[in-house]
file input.cif (mmCIF, C-alpha atoms)
data_structure
#
loop_
_atom_site.label_atom_id
_atom_site.label_comp_id
_atom_site.auth_asym_id
_atom_site.auth_seq_id
_atom_site.Cartn_x
_atom_site.Cartn_y
_atom_site.Cartn_z
CA MET A 1 -36.03 78.32 -70.15
CA LYS A 2 -34.61 81.28 -72.04
CA GLU A 3 -34.75 80.17 -75.65
CA ASN A 4 -31.91 82.19 -77.13
CA GLN A 5 -29.47 82.12 -74.24
CA LYS A 6 -25.80 82.35 -75.11
CA ILE A 7 -24.03 79.16 -74.10
CA VAL A 8 -20.25 79.06 -74.22
CA ILE A 9 -18.12 75.94 -73.81
CA ILE A 10 -14.65 76.95 -72.68
CA ASP A 11 -12.15 75.65 -75.23
CA TYR A 12 -8.65 75.48 -73.79
CA GLY A 13 -7.37 72.52 -75.75
CA ALA A 14 -8.51 69.87 -73.30
CA GLY A 15 -10.35 66.78 -74.38
CA ASN A 16 -13.58 65.86 -76.04
CA ILE A 17 -15.68 69.02 -76.15
CA GLN A 18 -17.46 68.14 -79.38
CA SER A 19 -19.68 65.71 -77.44
CA ILE A 20 -20.85 68.44 -75.07
CA LYS A 21 -21.63 70.74 -77.98
CA PHE A 22 -23.67 67.96 -79.62
CA ALA A 23 -25.48 67.18 -76.36
CA VAL A 24 -26.53 70.83 -76.02
CA GLN A 25 -27.61 70.73 -79.67
CA ARG A 26 -29.80 67.69 -79.04
CA LEU A 27 -31.63 69.76 -76.42
CA GLY A 28 -32.36 72.37 -79.08
CA PHE A 29 -29.66 74.93 -78.20
CA GLU A 30 -26.48 76.12 -79.84
CA ALA A 31 -23.27 76.29 -77.86
CA LYS A 32 -20.18 78.15 -78.94
CA LEU A 33 -16.65 76.92 -78.27
CA SER A 34 -14.47 79.79 -77.11
CA SER A 35 -11.27 80.67 -75.28
CA ASN A 36 -11.97 84.41 -75.51
CA ALA A 37 -12.32 86.03 -72.07
CA GLU A 38 -14.85 88.65 -73.21
CA GLU A 39 -17.02 86.07 -74.94
CA ILE A 40 -16.94 83.85 -71.86
CA ARG A 41 -17.82 86.76 -69.52
CA ASN A 42 -20.76 87.76 -71.73
CA ALA A 43 -22.29 84.28 -71.99
CA ASP A 44 -25.52 83.43 -70.17
CA LYS A 45 -24.26 79.96 -69.30
CA VAL A 46 -20.71 78.66 -69.27
CA ILE A 47 -19.68 75.02 -69.50
CA PHE A 48 -16.15 74.21 -68.36
CA PRO A 49 -15.16 70.77 -69.69
CA GLY A 50 -11.97 68.87 -69.22
CA VAL A 51 -10.54 65.51 -70.00
CA GLY A 52 -6.86 64.89 -69.54
CA GLU A 53 -4.33 65.59 -66.82
CA ALA A 54 -4.86 68.24 -64.12
CA GLY A 55 -1.32 69.66 -64.02
CA SER A 56 -1.10 70.31 -67.76
CA ALA A 57 -4.71 71.55 -67.91
CA MET A 58 -3.92 74.15 -65.21
CA LYS A 59 -0.84 75.21 -67.19
CA MET A 60 -3.01 75.78 -70.25
CA LEU A 61 -5.48 77.83 -68.18
CA ARG A 62 -2.66 79.95 -66.72
CA SER A 63 -1.00 80.54 -70.07
CA THR A 64 -4.26 81.94 -71.47
CA GLY A 65 -5.22 83.88 -68.33
CA LEU A 66 -8.44 81.85 -68.01
CA ASP A 67 -7.40 80.84 -64.47
CA LYS A 68 -8.23 84.44 -63.46
CA VAL A 69 -11.35 84.77 -65.62
CA ILE A 70 -13.25 81.66 -64.50
CA PRO A 71 -13.40 82.26 -60.70
CA GLU A 72 -14.79 85.77 -61.31
CA LEU A 73 -17.68 84.71 -63.55
CA THR A 74 -21.15 85.62 -62.24
CA GLN A 75 -23.41 83.55 -64.52
CA PRO A 76 -24.11 79.84 -63.92
CA VAL A 77 -20.98 77.81 -64.67
CA LEU A 78 -20.94 74.01 -64.99
CA GLY A 79 -17.62 72.20 -64.62
CA ILE A 80 -17.62 68.69 -66.05
CA CYS A 81 -15.25 65.88 -64.96
CA LEU A 82 -11.73 67.33 -64.84
CA GLY A 83 -13.38 70.75 -65.18
CA MET A 84 -15.02 70.23 -61.79
CA GLN A 85 -11.76 68.97 -60.27
CA LEU A 86 -9.86 72.04 -61.53
CA MET A 87 -12.43 74.24 -59.74
CA CYS A 88 -11.26 72.77 -56.39
CA ASN A 89 -8.38 74.01 -54.20
CA SER A 90 -5.84 71.48 -55.38
CA SER A 91 -5.31 68.12 -57.03
CA GLU A 92 -2.93 65.27 -56.32
CA GLU A 93 -2.80 64.75 -60.08
CA GLY A 94 0.26 66.65 -61.27
CA ASP A 95 0.43 68.06 -57.70
CA THR A 96 -1.22 71.30 -58.79
CA THR A 97 -3.23 74.08 -57.20
CA GLY A 98 -6.68 74.60 -58.66
CA LEU A 99 -9.00 77.54 -59.23
CA GLY A 100 -10.07 77.53 -55.56
CA ILE A 101 -13.81 77.82 -56.20
CA PHE A 102 -14.86 74.69 -54.32
CA ASN A 103 -13.41 74.03 -50.89
CA ALA A 104 -12.05 70.55 -51.61
CA ASP A 105 -8.78 68.80 -52.40
CA VAL A 106 -8.80 66.20 -55.20
CA LYS A 107 -7.31 62.80 -54.31
CA LYS A 108 -6.45 59.60 -56.15
CA PHE A 109 -8.55 56.45 -55.61
CA ASN A 110 -6.42 54.29 -53.36
CA ASN A 111 -8.68 51.78 -51.67
CA GLY A 112 -8.36 48.50 -53.53
CA VAL A 113 -10.69 49.45 -56.37
CA LYS A 114 -9.76 49.31 -60.05
CA VAL A 115 -8.44 52.61 -61.33
CA PRO A 116 -9.69 54.38 -63.39
CA GLN A 117 -13.32 53.92 -62.41
CA ILE A 118 -14.99 53.46 -65.79
CA GLY A 119 -18.69 52.98 -66.23
CA TRP A 120 -22.14 53.67 -64.84
CA ASN A 121 -22.57 54.36 -61.15
CA GLN A 122 -25.37 55.82 -59.01
CA ILE A 123 -25.82 59.34 -57.69
CA THR A 124 -27.53 59.77 -54.31
CA ASN A 125 -28.16 62.46 -51.66
CA LEU A 126 -29.26 64.82 -54.43
CA GLU A 127 -29.64 68.38 -53.18
CA SER A 128 -29.90 70.90 -55.99
CA PRO A 129 -32.19 72.23 -58.73
CA LEU A 130 -29.55 70.68 -61.02
CA PHE A 131 -31.22 67.35 -60.15
CA ASN A 132 -34.86 68.37 -60.63
CA THR A 133 -36.92 65.26 -61.54
CA ILE A 134 -33.84 63.03 -61.15
CA GLU A 135 -34.49 60.11 -58.79
CA GLU A 136 -32.14 59.01 -56.03
CA GLY A 137 -29.90 56.24 -57.38
CA GLU A 138 -30.13 57.04 -61.08
CA TYR A 139 -27.10 56.01 -63.13
CA VAL A 140 -24.53 58.33 -64.70
CA TYR A 141 -21.38 57.65 -66.73
CA LEU A 142 -18.05 58.23 -65.01
CA VAL A 143 -14.43 57.93 -66.09
CA HIS A 144 -11.87 59.06 -63.55
CA SER A 145 -8.88 58.11 -61.39
CA TYR A 146 -9.09 61.08 -59.00
CA TYR A 147 -12.04 62.08 -56.83
CA VAL A 148 -13.37 64.80 -54.55
CA PRO A 149 -13.71 63.55 -50.95
CA GLU A 150 -17.02 64.35 -49.31
CA CYS A 151 -17.15 68.08 -48.61
CA THR A 152 -19.51 70.89 -47.62
CA ASP A 153 -20.15 71.92 -51.27
CA GLU A 154 -21.51 68.43 -52.10
CA ILE A 155 -24.87 68.19 -53.91
CA ALA A 156 -24.57 64.54 -55.00
CA ARG A 157 -22.72 61.51 -53.71
CA THR A 158 -21.40 58.27 -55.23
CA GLU A 159 -19.80 55.17 -53.77
CA TYR A 160 -16.69 53.57 -55.25
CA GLY A 161 -14.85 51.86 -52.42
CA VAL A 162 -15.43 55.14 -50.58
CA ASN A 163 -18.27 57.68 -50.52
CA TYR A 164 -17.25 60.77 -52.46
CA SER A 165 -18.77 63.94 -53.92
CA THR A 166 -19.92 63.52 -57.53
CA ALA A 167 -21.44 66.99 -57.77
CA LEU A 168 -20.63 70.30 -56.13
CA HIS A 169 -22.27 73.70 -55.85
CA ARG A 170 -21.17 77.07 -54.52
CA ASN A 171 -22.84 80.37 -55.49
CA ASN A 172 -23.17 80.40 -59.29
CA PHE A 173 -20.71 77.52 -59.73
CA TYR A 174 -21.72 73.90 -60.29
CA GLY A 175 -19.54 70.88 -60.92
CA VAL A 176 -20.27 67.29 -61.88
CA GLN A 177 -17.73 64.47 -61.88
CA PHE A 178 -19.80 62.43 -64.33
CA HIS A 179 -20.37 63.13 -68.01
CA PRO A 180 -23.95 64.38 -68.50
CA GLU A 181 -23.33 64.42 -72.26
CA LYS A 182 -22.73 60.65 -72.12
CA SER A 183 -25.23 59.71 -69.42
CA SER A 184 -28.20 58.90 -71.62
CA LYS A 185 -31.57 60.41 -70.62
CA THR A 186 -30.47 61.12 -67.04
CA GLY A 187 -27.59 63.23 -68.32
CA GLU A 188 -29.83 65.03 -70.79
CA GLN A 189 -32.19 66.00 -67.97
CA ILE A 190 -29.32 67.31 -65.83
CA LEU A 191 -28.00 69.42 -68.71
CA LYS A 192 -31.52 70.69 -69.32
CA ASN A 193 -31.79 71.60 -65.63
CA PHE A 194 -28.54 73.54 -65.89
CA LEU A 195 -29.86 75.46 -68.89
CA ASN A 196 -33.03 76.13 -66.87
CA LEU A 197 -31.15 77.85 -64.03
CA GLU A 198 -31.68 81.59 -63.52
CA LEU A 199 -29.35 83.51 -65.79
CA ARG A 200 -27.28 85.57 -63.32
CA SER A 201 -26.93 85.38 -59.57
CA MET B 1 -22.54 50.73 -57.07
CA LEU B 2 -20.47 50.60 -60.25
CA THR B 3 -22.29 48.38 -62.72
CA LYS B 4 -21.05 45.75 -65.16
CA ARG B 5 -21.20 47.07 -68.71
CA ILE B 6 -22.79 45.51 -71.79
CA ILE B 7 -21.03 46.63 -74.96
CA PRO B 8 -22.27 45.83 -78.47
CA CYS B 9 -19.42 45.92 -80.96
CA LEU B 10 -20.05 47.26 -84.43
CA ASP B 11 -17.48 46.05 -86.94
CA ILE B 12 -17.17 48.62 -89.71
CA LYS B 13 -16.08 48.18 -93.29
CA ASN B 14 -16.63 50.87 -95.91
CA GLY B 15 -18.93 52.74 -93.56
CA ARG B 16 -21.22 49.75 -92.97
CA THR B 17 -21.58 47.38 -90.06
CA VAL B 18 -20.39 43.84 -90.63
CA LYS B 19 -19.78 40.85 -88.43
CA GLY B 20 -17.00 38.40 -89.05
CA VAL B 21 -17.26 34.80 -87.94
CA ASN B 22 -13.75 34.05 -86.72
CA PHE B 23 -12.83 37.29 -88.51
CA ILE B 24 -13.60 35.81 -91.93
CA ASP B 25 -16.87 35.60 -93.99
CA LEU B 26 -18.48 38.97 -93.46
CA ARG B 27 -22.22 39.62 -93.30
CA ASP B 28 -23.85 43.04 -93.61
CA ALA B 29 -25.75 44.13 -90.51
CA GLY B 30 -26.82 47.68 -91.11
CA ASP B 31 -26.07 51.36 -90.91
CA PRO B 32 -23.71 52.20 -88.01
CA VAL B 33 -25.25 55.52 -86.93
CA GLU B 34 -28.78 54.13 -86.91
CA LEU B 35 -27.68 50.95 -85.19
CA ALA B 36 -25.76 52.96 -82.56
CA ALA B 37 -28.79 55.08 -81.67
CA ALA B 38 -30.95 51.95 -81.48
CA TYR B 39 -28.51 50.25 -79.11
CA ALA B 40 -28.38 53.33 -76.86
CA GLU B 41 -32.18 53.26 -76.71
CA LYS B 42 -32.20 49.53 -75.88
CA GLY B 43 -29.91 50.01 -72.89
CA ALA B 44 -26.39 49.37 -74.18
CA ASP B 45 -23.92 50.93 -71.75
CA GLU B 46 -21.34 51.80 -74.35
CA LEU B 47 -20.43 50.95 -77.94
CA VAL B 48 -17.27 49.93 -79.75
CA PHE B 49 -16.71 50.68 -83.43
CA LEU B 50 -14.00 48.57 -84.94
CA ASP B 51 -12.76 49.24 -88.46
CA ILE B 52 -11.78 45.66 -89.19
CA SER B 53 -10.25 46.39 -92.56
CA ALA B 54 -8.02 49.10 -91.17
CA THR B 55 -4.99 47.14 -90.08
CA GLU B 56 -4.48 45.73 -93.53
CA GLU B 57 -5.69 48.56 -95.69
CA LYS B 58 -4.54 51.50 -93.58
CA ARG B 59 -7.93 53.13 -93.76
CA LYS B 60 -8.00 56.24 -91.66
CA THR B 61 -11.25 57.72 -92.86
CA LEU B 62 -13.21 56.93 -89.72
CA ALA B 63 -13.26 60.59 -88.77
CA LYS B 64 -16.50 61.39 -90.58
CA LEU B 65 -18.30 58.37 -89.16
CA VAL B 66 -17.14 59.29 -85.66
CA LEU B 67 -18.52 62.80 -86.07
CA ASP B 68 -21.89 61.47 -87.30
CA VAL B 69 -22.10 59.04 -84.40
CA ALA B 70 -21.10 61.64 -81.79
CA GLU B 71 -23.82 63.96 -83.02
CA GLN B 72 -26.52 61.35 -82.33
CA LEU B 73 -25.29 59.20 -79.48
CA ASN B 74 -25.83 59.94 -75.76
CA ILE B 75 -23.68 57.10 -74.43
CA PRO B 76 -19.89 56.67 -74.68
CA PHE B 77 -18.19 54.99 -77.60
CA THR B 78 -14.75 53.65 -78.46
CA VAL B 79 -13.18 53.60 -81.90
CA GLY B 80 -10.52 51.15 -83.04
CA GLY B 81 -8.85 49.76 -86.12
CA GLY B 82 -5.67 50.94 -87.79
CA ILE B 83 -4.87 53.61 -85.21
CA SER B 84 -1.12 53.98 -85.06
CA SER B 85 -0.20 57.54 -84.08
CA VAL B 86 -0.94 60.41 -81.72
CA GLU B 87 -2.29 62.36 -84.71
CA ASP B 88 -4.80 59.60 -85.57
CA VAL B 89 -6.11 59.67 -82.00
CA ASP B 90 -6.21 63.46 -81.83
CA ILE B 91 -8.58 63.60 -84.84
CA LEU B 92 -10.88 60.85 -83.53
CA LEU B 93 -11.16 62.39 -80.05
CA LYS B 94 -11.72 65.86 -81.48
CA ASN B 95 -14.54 64.45 -83.62
CA GLY B 96 -16.24 63.11 -80.53
CA ALA B 97 -14.90 59.61 -79.77
CA ASP B 98 -14.61 59.00 -76.03
CA LYS B 99 -11.91 56.38 -76.24
CA VAL B 100 -9.72 54.76 -78.83
CA SER B 101 -8.57 51.20 -78.94
CA ILE B 102 -5.17 50.21 -80.27
CA ASN B 103 -3.95 46.71 -80.96
CA SER B 104 -1.22 45.75 -83.45
CA SER B 105 0.30 49.24 -83.38
CA ALA B 106 0.86 48.94 -79.63
CA VAL B 107 2.68 45.63 -80.05
CA LYS B 108 4.84 47.05 -82.84
CA ARG B 109 5.66 50.20 -80.88
CA PRO B 110 4.68 49.93 -77.19
CA GLU B 111 5.75 53.57 -76.53
CA LEU B 112 2.56 54.58 -78.34
CA ILE B 113 0.62 53.65 -75.20
CA ASN B 114 2.76 56.02 -73.09
CA GLU B 115 2.42 58.81 -75.65
CA LEU B 116 -1.35 58.50 -75.82
CA SER B 117 -1.94 58.28 -72.08
CA GLU B 118 0.35 61.23 -71.42
CA LYS B 119 -1.28 63.42 -74.03
CA PHE B 120 -4.94 62.41 -73.69
CA GLY B 121 -5.12 60.61 -70.33
CA SER B 122 -5.31 56.88 -69.56
CA GLN B 123 -9.10 57.01 -69.49
CA CYS B 124 -9.34 57.16 -73.28
CA VAL B 125 -6.72 54.52 -74.09
CA VAL B 126 -8.06 50.99 -74.53
CA VAL B 127 -5.54 48.37 -75.53
CA ALA B 128 -7.12 45.48 -77.40
CA ILE B 129 -5.35 42.15 -77.14
CA ASP B 130 -6.17 39.16 -79.35
CA ALA B 131 -4.75 35.92 -78.01
CA LYS B 132 -4.90 32.21 -78.64
CA ASN B 133 -4.13 29.33 -76.33
CA ILE B 134 -1.30 27.32 -77.93
CA ASP B 135 -0.17 24.24 -75.98
CA GLY B 136 -1.40 25.71 -72.72
CA LYS B 137 0.17 29.13 -73.26
CA TRP B 138 -1.79 32.23 -74.25
CA LYS B 139 0.00 33.90 -77.15
CA VAL B 140 -0.80 37.38 -78.45
CA HIS B 141 -1.82 37.55 -82.13
CA LEU B 142 -1.80 40.50 -84.55
CA VAL B 143 -3.70 41.76 -87.61
CA GLY B 144 -7.14 40.64 -86.54
CA GLY B 145 -5.75 37.46 -85.07
CA LYS B 146 -3.93 36.28 -88.20
CA VAL B 147 -0.30 36.76 -87.16
CA PRO B 148 1.07 34.97 -84.08
CA THR B 149 3.72 36.57 -81.87
CA ASP B 150 5.92 35.25 -79.07
CA LEU B 151 4.30 37.61 -76.57
CA ASP B 152 2.63 36.03 -73.57
CA LEU B 153 -0.85 37.43 -72.92
CA PHE B 154 -0.32 38.08 -69.21
CA ASP B 155 3.14 39.63 -69.59
CA TRP B 156 1.89 41.89 -72.34
CA ALA B 157 -1.22 42.87 -70.37
CA LYS B 158 0.93 43.90 -67.40
CA GLU B 159 3.24 45.94 -69.62
CA VAL B 160 0.25 47.62 -71.23
CA GLU B 161 -1.08 48.62 -67.79
CA GLN B 162 2.30 49.98 -66.70
CA ARG B 163 2.57 52.04 -69.86
CA GLY B 164 -0.69 53.78 -69.06
CA ALA B 165 -3.59 51.91 -70.67
CA GLY B 166 -6.93 52.68 -69.04
CA GLU B 167 -8.64 49.43 -70.02
CA ILE B 168 -7.90 46.11 -71.70
CA LEU B 169 -10.19 44.56 -74.29
CA PHE B 170 -9.26 40.89 -74.38
CA THR B 171 -10.49 38.73 -77.24
CA SER B 172 -9.87 35.02 -77.14
CA MET B 173 -9.33 33.79 -80.70
CA ASP B 174 -10.28 30.32 -79.51
CA HIS B 175 -13.68 31.49 -78.34
CA ASP B 176 -14.52 34.22 -80.86
CA GLY B 177 -17.32 33.16 -83.20
CA THR B 178 -17.97 29.87 -81.39
CA LYS B 179 -20.87 31.07 -79.20
CA ASN B 180 -19.64 28.69 -76.52
CA GLY B 181 -18.88 31.30 -73.87
CA PHE B 182 -16.08 33.70 -72.98
CA ALA B 183 -12.52 32.71 -71.97
CA ASP B 184 -13.40 33.04 -68.30
CA GLU B 185 -10.33 31.39 -66.85
CA ALA B 186 -7.89 33.69 -68.63
CA LEU B 187 -10.15 36.67 -67.92
CA ALA B 188 -10.22 35.95 -64.18
CA ARG B 189 -6.43 35.76 -64.14
CA LEU B 190 -6.16 39.09 -65.97
CA SER B 191 -8.56 40.68 -63.52
CA GLU B 192 -6.60 39.36 -60.55
CA GLU B 193 -3.19 40.35 -61.84
CA LEU B 194 -4.15 43.81 -63.10
CA ASN B 195 -5.79 46.84 -61.53
CA ILE B 196 -7.49 48.33 -64.61
CA PRO B 197 -10.89 47.32 -65.99
CA ILE B 198 -11.01 44.25 -68.28
CA ILE B 199 -13.52 43.91 -71.12
CA ALA B 200 -14.35 40.33 -72.11
CA SER B 201 -14.74 39.62 -75.81
CA GLY B 202 -15.29 36.56 -77.97
CA GLY B 203 -17.67 33.67 -77.46
CA ALA B 204 -20.99 35.16 -76.34
CA GLY B 205 -23.80 32.82 -77.33
CA ASN B 206 -26.40 33.05 -74.56
CA ILE B 207 -27.25 34.96 -71.41
CA GLN B 208 -25.58 32.42 -69.12
CA HIS B 209 -22.26 33.18 -70.86
CA PHE B 210 -22.53 36.81 -69.79
CA GLN B 211 -23.38 35.82 -66.24
CA ASN B 212 -20.36 33.49 -66.19
CA THR B 213 -17.94 36.06 -67.52
CA PHE B 214 -18.94 38.52 -64.80
CA GLN B 215 -19.06 35.99 -61.96
CA ILE B 216 -16.35 33.50 -62.93
CA GLY B 217 -14.32 35.62 -65.36
CA LYS B 218 -14.52 38.68 -63.06
CA ALA B 219 -14.84 40.87 -66.15
CA ASP B 220 -15.83 44.51 -65.74
CA ALA B 221 -17.61 44.62 -69.08
CA ALA B 222 -18.63 42.18 -71.79
CA LEU B 223 -18.55 42.85 -75.49
CA ALA B 224 -20.44 41.00 -78.20
CA ALA B 225 -21.60 41.55 -81.76
CA SER B 226 -23.67 38.97 -83.61
CA VAL B 227 -25.88 37.90 -80.69
CA PHE B 228 -27.02 41.52 -80.50
CA HIS B 229 -27.01 42.34 -84.22
CA PHE B 230 -29.15 39.35 -85.11
CA LYS B 231 -31.37 39.81 -82.05
CA GLU B 232 -30.52 36.44 -80.55
CA ILE B 233 -30.22 38.27 -77.23
CA GLU B 234 -32.16 41.42 -76.33
CA ILE B 235 -30.17 43.72 -74.07
CA SER B 236 -33.19 44.35 -71.82
CA ASP B 237 -33.69 40.58 -71.26
CA LEU B 238 -29.99 40.13 -70.68
CA LYS B 239 -29.84 42.89 -68.06
CA THR B 240 -32.99 41.70 -66.29
CA GLN B 241 -31.55 38.21 -65.93
CA LEU B 242 -28.14 39.48 -64.81
CA LYS B 243 -29.82 41.62 -62.19
CA SER B 244 -31.83 38.70 -60.84
CA ALA B 245 -28.54 36.77 -60.62
CA GLY B 246 -27.24 39.50 -58.31
CA ILE B 247 -24.98 41.22 -60.85
CA PRO B 248 -25.14 45.04 -60.71
CA VAL B 249 -26.35 46.43 -64.04
CA ARG B 250 -27.91 49.69 -65.18
CA ILE B 251 -31.58 49.20 -66.05
#

call {"tool": "encode", "arguments": {"input": "input.cif", "output": "structure tokens"}}
result
Amino acid sequence: MKENQKIVIIDYGAGNIQSIKFAVQRLGFEAKLSSNAEEIRNADKVIFPGVGEAGSAMKMLRSTGLDKVIPELTQPVLGICLGMQLMCNSSEEGDTTGLGIFNADVKKFNNGVKVPQIGWNQITNLESPLFNTIEEGEYVYLVHSYYVPECTDEIARTEYGVNYSTALHRNNFYGVQFHPEKSSKTGEQILKNFLNLELRS
Amino acid sequence: MLTKRIIPCLDIKNGRTVKGVNFIDLRDAGDPVELAAAYAEKGADELVFLDISATEEKRKTLAKLVLDVAEQLNIPFTVGGGISSVEDVDILLKNGADKVSINSSAVKRPELINELSEKFGSQCVVVAIDAKNIDGKWKVHLVGGKVPTDLDLFDWAKEVEQRGAGEILFTSMDHDGTKNGFADEALARLSEELNIPIIASGGAGNIQHFQNTFQIGKADAALAASVFHFKEIEISDLKTQLKSAGIPVRI
């Protein structure tokens, strides 16, 4: 793992990013919060968080031009929760288009389950270096009302009334629906694996 | 499979953890940050910090504590007590709280629930409801259970859901502090009538009570304080027994 890699957490006014910064810190790294395009482009690793509502989050990204910057990044990028959903083609939440990185359309849970899904659920069908040393069926913390239906970019799956994609990968882009920063030791290992990825594709 | 959550509650007064028996007679039970980290290590799924003096004394200095906790803790936590505005919530979430819980302020001004869920998302808005069964009717109470209202528990819970709450934390005043079990009948009705997660609170005394509140009370999560603080129940034992009873838990 590169010791002094530059880690940037994209700060566009959405949600609880302090927790991600602290989680990176607990692994022995410093992460910088930034909305500056140059700083984001120059980072070794980029984390794209997001808690809140998809439509208004996309508006914030468009108003700052970050909607153009993010899809063109070439270093490893990790979208977390709403961050991952915004990297898809579209979302039913706020009926918005997304960044079009992952080939998936985000839908609302509508199958008799309680919404939002809140709590610890299992990830299975793990297919990525992001899940090095993670066992099938380990538990992660999830909070969401919208989900990514199973798709070709899937690298992890979860069941909540329906099987859906809880992690995605395409080129240098990764996305996780769960919160690694809140998923105890399992989440710490997944964040560590992300920081261990090769610096540029 | 989504698991049932075990949530220790840390009541906070002047930066220290306390536990009220029926919300009166406080006993000191340690340093919140240290206790939080210990609970995460023991297998707690989430934590709730409740500033119990807040509603009366308008204390809004939780921000520092939240920041200290967020720095250490690798599981989610909720903060409640005296939160009455969008600005209050903004500070707590920015400092690293995952969710906030509102109680009296939501009853006084229900629009607050809409404002919070629109600005921050339903997922971080927990509405806490304290209620007491009076002549067969569950009535909502305010200010840590001291002030009765005319609100019916089930009507209020439905309104809270419609306004955008992500979860309900229901405390039965009749059960809290008794260690005789949770209010499973009322909990089951809440779970049937609503489509958001319900957290059971008040009455935990032994492991069977947790099993009952998940199986009979249909709760999505169970919250307790003293049984955990005074080590009457170890979370690992609790989860092992729940699992052998067929209840999905994270071990």

call {"tool": "resolve_selection", "arguments": {"input": "input.cif", "expression": "the PyMOL selection byres ((chain B) within 7 of (chain A))", "output": "ChimeraX atom specification"}}
result
/B:1-3,5,70-71,74-76,93-96,98,120-121,123,166,195-197,250

call {"tool": "resolve_selection", "arguments": {"input": "input.cif", "expression": "the PyMOL selection byres ((chain A and resi 74-84) around 9)", "output": "PyMOL selection string"}}
result
chain A and resi 41-54+57+70-73+85-88+102+142-144+146+167-168+171-180+194-195+197-201

call {"tool": "closest_residue", "arguments": {"input": "input.cif", "among": "B:Leu92, B:Leu169, B:Ile113, B:Leu187", "to": "Ala224 in chain B", "atoms": "only C-alpha atoms"}}
result
B:Leu169

call {"tool": "atom_distance", "arguments": {"input": "input.cif", "atom1": "CA of Ser201 in chain B", "atom2": "CA of Asn110 in chain A"}}
result
28.1 Å

call {"tool": "atom_distance", "arguments": {"input": "input.cif", "atom1": "CA of Val69 in chain A", "atom2": "CA of Asp105 in chain A"}}
result
20.9 Å

call {"tool": "resolve_selection", "arguments": {"input": "input.cif", "expression": "the PyMOL selection byres ((chain B and resi 145) around 8)", "output": "list in words"}}
result
Phe23, Asp130, Ala131, His141, Leu142, Val143, Gly144, Lys146, Val147, Pro148 and Met173 of chain B

call {"tool": "residues_around", "arguments": {"input": "input.cif", "residues": "Ser90 in chain A", "least_positions_apart": "3", "cutoff": "7 Å", "atoms": "all atoms listed in the file", "output": "number ranges by chain"}}
result
A: 96-98, 105-106

call {"tool": "write_last_selection", "arguments": {"input": "input.cif", "atoms": "C-alpha atoms", "output": "mmCIF file, keeping the file's coordinate frame"}}
result
data_model
loop_
_atom_site.group_PDB
_atom_site.id
_atom_site.type_symbol
_atom_site.label_atom_id
_atom_site.label_comp_id
_atom_site.auth_asym_id
_atom_site.auth_seq_id
_atom_site.Cartn_x
_atom_site.Cartn_y
_atom_site.Cartn_z
ATOM 1 C CA THR A 96 -1.220 71.300 -58.790
ATOM 2 C CA THR A 97 -3.230 74.080 -57.200
ATOM 3 C CA GLY A 98 -6.680 74.600 -58.660
ATOM 4 C CA ASP A 105 -8.780 68.800 -52.400
ATOM 5 C CA VAL A 106 -8.800 66.200 -55.200
#

call {"tool": "atom_distance", "arguments": {"input": "input.cif", "atom1": "CA of Trp138 in chain B", "atom2": "CA of Ile6 in chain B"}}
result
25.0 Å

call {"tool": "closest_residue", "arguments": {"input": "input.cif", "among": "B:Asn133, B:Ala106, B:Ala97, B:Lys64", "to": "Ile83 in chain B", "atoms": "only C-alpha atoms"}}
result
B:Ala106

call {"tool": "residues_near_point", "arguments": {"input": "input.cif", "point": "(-12.8, 50.0, -86.3)", "cutoff": "7 Å", "atoms": "only C-alpha atoms", "output": "list in words"}}
result
Asp11, Ile12, Phe49, Leu50, Asp51, Ile52, Ala54, Val79, Gly80 and Gly81 of chain B

call {"tool": "closest_residue", "arguments": {"input": "input.cif", "among": "B:Asn103, B:Glu118, B:Ala183, B:Ile7", "to": "Gly43 in chain B", "atoms": "all atoms listed in the file"}}
result
B:Ile7

call {"tool": "residues_around", "arguments": {"input": "input.cif", "residues": "Lys239 in chain B", "least_positions_apart": "2", "cutoff": "10 Å", "atoms": "all atoms listed in the file", "output": "ChimeraX atom specification"}}
result
/B:4-6,43-44,207,210-211,234-237,241-245,247-251
